[in-house]
Amino acid sequence: MGDEFAVVARGVSKKYRVRRHPPTTLKSYLLHEMWRPRRDLVQTKWALQDVSFEVARGEAVGIIGRNGSGKSTLLKLLNGTLRPDAGSVRVEGRVAALIELGVGFHPELTGRENVEVAGIMLGMTKRVIRARMDEIVAFADIGDCLDDPIRTYSSGMVLRLGFSVATSVAPDVMLLDELFAVGDAEFAGRCLERMNEFRRRGHTIIVASHDLGLVRDWCDRAIWLHEGRLAAIGAPGEIVARYAGEVA
């Protein structure tokens with residue numbers, strides 16, 4: 001991969017196997033499903049098909065599209081959580097993904113313990129984590145709940161703590177999924193300011209969002225996914241306008 005690109009996707013495709021729901025009545029089973037081969041009960045759904053694009057270092061790219069268009073699947077492929085069934089994905093440097101904030105937190109561990117575990121997963125040492133603990137907690141604004149089990153936290157508290165931990169490192173590539181649509185306006189503003197700081201430092205940011213204003217005004221380019229395929233890519237104002245006209 002050339003030095004100018006942080007992310008390169010070539011012909012990326014991803015499929016899921018989905019099991020059909022069984023019939024709800026005995027009559028339906030006897031008339032239809034009883035004679036159907038068992039393999040017909042499993043269907044293949046393509047979440048992404050033949051998607052290709054490049055993201056330059058320091059670029060902010062927005063991904064838009066309807067629910068089910070493949071946005072979250074694409075982010076998970078870029079993060080390495082999923083592997084493509086066809087094509088290739090290459091990401092240069094350290095990646096921080098805010099795709100499902102807090103999902104990796106263990107509900108029975110305290111906030112402090114979860115911060116330590118998450119920090120280690122992000123490549124920090126225990127010494128660095130402890131040195132940054134006060135900063136992480138202050139940004140998350142979870143009050144005096146740091147030593148309470150995560151299961152006692154509200155979803156907003158888990159969100160804030162997850163974001164604070166993930167952005168306490170200096171990632172080369174940041175992946176975001178609907179981050180600014182969750183939580184209160186004050187926290188969303190602080191998140192955006194931290195993302196602006198990352199941009200000023202030259203980090204690469206890819207955000208999937210239904211917030212068309214954010215993508216239009218904040219991103220350098222936009223990617224439009226439609227039913228798992230790349231519908232368009234280009235200047236955010238143009239792509240957002242075309243997408244808005246399609247879904248209106």
# chains A, B, ... in the order shown; residues from 1 in each chain; ligands from 1

call {"tool": "residues_around", "arguments": {"residues": "A:Thr44", "least_positions_apart": "5", "cutoff": "7 Å", "atoms": "only C-alpha atoms", "output": "list in words"}}
result
Lys15, Tyr16, Arg17 and Val18 of chain A

call {"tool": "select_by_dssp", "arguments": {"residues": "stretch 126-181 of chain A", "states": "strand (DSSP E or B)", "output": "list in words"}}
result
Pro149, Val173, Met174, Leu175, Leu176 and Asp177 of chain A

call {"tool": "atom_distance", "arguments": {"atom1": "atom CA of A:Glu227", "atom2": "atom CA of A:Gly65"}}
result
8.4 Å

call {"tool": "closest_residue", "arguments": {"among": "A:Lys126, A:His210, A:Arg200, A:Arg221", "to": "A:Arg66", "atoms": "only C-alpha atoms"}}
result
A:His210

call {"tool": "residues_around", "arguments": {"residues": "A:Thr167", "least_positions_apart": "2", "cutoff": "9 Å", "atoms": "only C-alpha atoms", "output": "list in words"}}
result
Ala96, Ile136, Gly162, Phe163, Ser164, Val165, Val169, Ala170, Pro171, Met174, Arg194 and Met195 of chain A

call {"tool": "residues_around", "arguments": {"residues": "stretch 68-71 of chain A", "least_positions_apart": "5", "cutoff": "8 Å", "atoms": "only C-alpha atoms", "output": "PDB file with C-alpha atoms, in the first residue's frame"}}
result
ATOM      1  CA  ALA A  47     -24.112  -7.580   3.377  1.00  0.00           C
ATOM      2  CA  LEU A  48     -21.464  -6.167   1.021  1.00  0.00           C
ATOM      3  CA  ILE A  63     -20.307   6.512   5.109  1.00  0.00           C
ATOM      4  CA  ALA A 208     -20.753   5.823   9.451  1.00  0.00           C
ATOM      5  CA  LEU A 225     -23.703   2.354   0.218  1.00  0.00           C
ATOM      6  CA  HIS A 226     -26.935   0.954  -1.234  1.00  0.00           C
ATOM      7  CA  GLU A 227     -27.965  -2.634  -0.530  1.00  0.00           C
ATOM      8  CA  GLY A 228     -24.361  -3.615   0.109  1.00  0.00           C
ATOM      9  CA  ARG A 229     -22.932  -2.029  -3.016  1.00  0.00           C
TER      10      ARG A 229
END

call {"tool": "residues_around", "arguments": {"residues": "A:Thr81", "least_positions_apart": "6", "cutoff": "10 Å", "atoms": "only C-alpha atoms", "output": "PDB file with N, CA and C atoms, in the first residue's frame"}}
result
ATOM      1  N   THR A  73     -21.124  -3.315   8.847  1.00  0.00           N
ATOM      2  CA  THR A  73     -20.330  -4.461   8.396  1.00  0.00           C
ATOM      3  C   THR A  73     -19.005  -3.993   7.815  1.00  0.00           C
ATOM      4  N   LEU A  75     -17.333  -1.240   8.548  1.00  0.00           N
ATOM      5  CA  LEU A  75     -16.457  -0.808   9.635  1.00  0.00           C
ATOM      6  C   LEU A  75     -15.836  -1.998  10.356  1.00  0.00           C
ATOM      7  N   ALA A  97     -11.526   1.552  17.208  1.00  0.00           N
ATOM      8  CA  ALA A  97     -12.867   1.410  16.653  1.00  0.00           C
ATOM      9  C   ALA A  97     -13.915   1.691  17.713  1.00  0.00           C
TER      10      ALA A  97
END

call {"tool": "select_by_dssp", "arguments": {"residues": "stretch 6-221 of chain A", "states": "helix (DSSP H, G or I)", "output": "ChimeraX atom specification"}}
result
/A:26-31,33-35,38-41,71-79,111-121,126-140,150-152,155-166,179-181,185-200,212-218

call {"tool": "residues_around", "arguments": {"residues": "A:Ala235", "least_positions_apart": "2", "cutoff": "8 Å", "atoms": "only C-alpha atoms", "output": "ChimeraX atom specification"}}
result
/A:220-222,233,237-239

call {"tool": "write_last_selection", "arguments": {"atoms": "C-alpha atoms", "output": "tab-separated table (two decimals), in the first residue's frame"}}
result
chain	number	residue	atom	x	y	z
A	220	ASP	CA	-13.67	15.49	3.27
A	221	ARG	CA	-15.45	12.82	1.20
A	222	ALA	CA	-18.53	10.64	1.46
A	233	ILE	CA	-18.17	8.22	-3.65
A	237	GLY	CA	-22.07	17.91	-0.46
A	238	GLU	CA	-22.75	16.23	-3.80
A	239	ILE	CA	-23.10	12.69	-2.41

call {"tool": "closest_residue", "arguments": {"among": "A:Val8, A:Ile64, A:Val158, A:Ala86", "to": "A:Leu212", "atoms": "only C-alpha atoms"}}
result
A:Ile64

call {"tool": "closest_atom_pairs", "arguments": {"of": "stretch 124-220 of chain A", "to": "stretch 52-62 of chain A", "cutoff": "10 Å", "atoms": "only C-alpha atoms", "output": "JSON lines"}}
result
{"residue": "A:Asp172", "atom": "CA", "partner": "A:Arg57", "partner_atom": "CA", "distance": 8.4}
{"residue": "A:Val173", "atom": "CA", "partner": "A:Arg57", "partner_atom": "CA", "distance": 8.5}
{"residue": "A:Met174", "atom": "CA", "partner": "A:Ala60", "partner_atom": "CA", "distance": 9.4}
{"residue": "A:Leu175", "atom": "CA", "partner": "A:Val61", "partner_atom": "CA", "distance": 9.8}
{"residue": "A:Leu176", "atom": "CA", "partner": "A:Gly62", "partner_atom": "CA", "distance": 9.4}
{"residue": "A:Asp177", "atom": "CA", "partner": "A:Gly62", "partner_atom": "CA", "distance": 10.0}
{"residue": "A:Met195", "atom": "CA", "partner": "A:Ala60", "partner_atom": "CA", "distance": 9.8}
{"residue": "A:Phe198", "atom": "CA", "partner": "A:Gly58", "partner_atom": "CA", "distance": 8.9}
{"residue": "A:Arg199", "atom": "CA", "partner": "A:Gly58", "partner_atom": "CA", "distance": 6.6}
{"residue": "A:Arg200", "atom": "CA", "partner": "A:Gly58", "partner_atom": "CA", "distance": 8.6}
{"residue": "A:Arg201", "atom": "CA", "partner": "A:Gly58", "partner_atom": "CA", "distance": 8.0}
{"residue": "A:Gly202", "atom": "CA", "partner": "A:Gly58", "partner_atom": "CA", "distance": 4.4}
{"residue": "A:His203", "atom": "CA", "partner": "A:Gly58", "partner_atom": "CA", "distance": 4.7}
{"residue": "A:Thr204", "atom": "CA", "partner": "A:Gly58", "partner_atom": "CA", "distance": 4.3}
{"residue": "A:Ile205", "atom": "CA", "partner": "A:Ala60", "partner_atom": "CA", "distance": 4.6}
{"residue": "A:Ile206", "atom": "CA", "partner": "A:Val61", "partner_atom": "CA", "distance": 4.8}
{"residue": "A:Val207", "atom": "CA", "partner": "A:Gly62", "partner_atom": "CA", "distance": 4.9}
{"residue": "A:Ala208", "atom": "CA", "partner": "A:Gly62", "partner_atom": "CA", "distance": 5.7}
{"residue": "A:Ser209", "atom": "CA", "partner": "A:Gly62", "partner_atom": "CA", "distance": 7.1}
{"residue": "A:His210", "atom": "CA", "partner": "A:Gly62", "partner_atom": "CA", "distance": 9.7}
{"residue": "A:Asp211", "atom": "CA", "partner": "A:Gly62", "partner_atom": "CA", "distance": 9.7}
{"residue": "A:Leu212", "atom": "CA", "partner": "A:Gly62", "partner_atom": "CA", "distance": 9.0}
{"residue": "A:Leu214", "atom": "CA", "partner": "A:Gly62", "partner_atom": "CA", "distance": 8.5}
{"residue": "A:Val215", "atom": "CA", "partner": "A:Gly62", "partner_atom": "CA", "distance": 5.3}
{"residue": "A:Arg216", "atom": "CA", "partner": "A:Gly62", "partner_atom": "CA", "distance": 8.3}
{"residue": "A:Trp218", "atom": "CA", "partner": "A:Ala60", "partner_atom": "CA", "distance": 7.7}
{"residue": "A:Cys219", "atom": "CA", "partner": "A:Ala60", "partner_atom": "CA", "distance": 4.9}
{"residue": "A:Asp220", "atom": "CA", "partner": "A:Ala60", "partner_atom": "CA", "distance": 5.3}

call {"tool": "write_last_selection", "arguments": {"atoms": "C-alpha atoms", "output": "short mmCIF file (atom, residue, chain, number, x, y, z; two decimals), in the first residue's frame"}}
result
data_model
loop_
_atom_site.label_atom_id
_atom_site.label_comp_id
_atom_site.auth_asym_id
_atom_site.auth_seq_id
_atom_site.Cartn_x
_atom_site.Cartn_y
_atom_site.Cartn_z
CA ASP A 172 -3.65 6.32 13.18
CA VAL A 173 -7.16 5.36 12.01
CA MET A 174 -10.38 6.04 13.94
CA LEU A 175 -13.56 4.14 13.03
CA LEU A 176 -16.88 5.53 14.31
CA ASP A 177 -20.42 4.18 14.04
CA MET A 195 -12.40 14.35 16.78
CA PHE A 198 -7.48 14.22 15.93
CA ARG A 199 -8.04 15.79 12.51
CA ARG A 200 -5.67 18.64 13.32
CA ARG A 201 -3.05 16.06 14.21
CA GLY A 202 -3.47 14.34 10.86
CA HIS A 203 -5.28 11.17 11.98
CA THR A 204 -7.55 9.33 9.54
CA ILE A 205 -11.24 9.16 10.51
CA ILE A 206 -14.03 7.07 8.98
CA VAL A 207 -17.52 7.63 10.37
CA ALA A 208 -20.75 5.82 9.45
CA SER A 209 -23.74 8.02 10.21
CA HIS A 210 -27.35 8.91 9.43
CA ASP A 211 -26.50 12.51 10.36
CA LEU A 212 -26.24 13.90 6.83
CA LEU A 214 -22.35 15.99 9.96
CA VAL A 215 -21.12 14.10 6.91
CA ARG A 216 -21.73 17.07 4.58
CA TRP A 218 -17.38 17.78 8.58
CA CYS A 219 -16.05 15.12 6.21
CA ASP A 220 -13.67 15.49 3.27
#

call {"tool": "atom_distance", "arguments": {"atom1": "atom CA of A:Val115", "atom2": "atom CA of A:Leu77"}}
result
24.5 Å

call {"tool": "atom_distance", "arguments": {"atom1": "atom CA of A:Asp147", "atom2": "atom CA of A:Leu109"}}
result
8.7 Å

call {"tool": "closest_residue", "arguments": {"among": "A:Leu122, A:Val128, A:Leu82, A:Leu146", "to": "A:Thr110", "atoms": "only C-alpha atoms"}}
result
A:Leu146
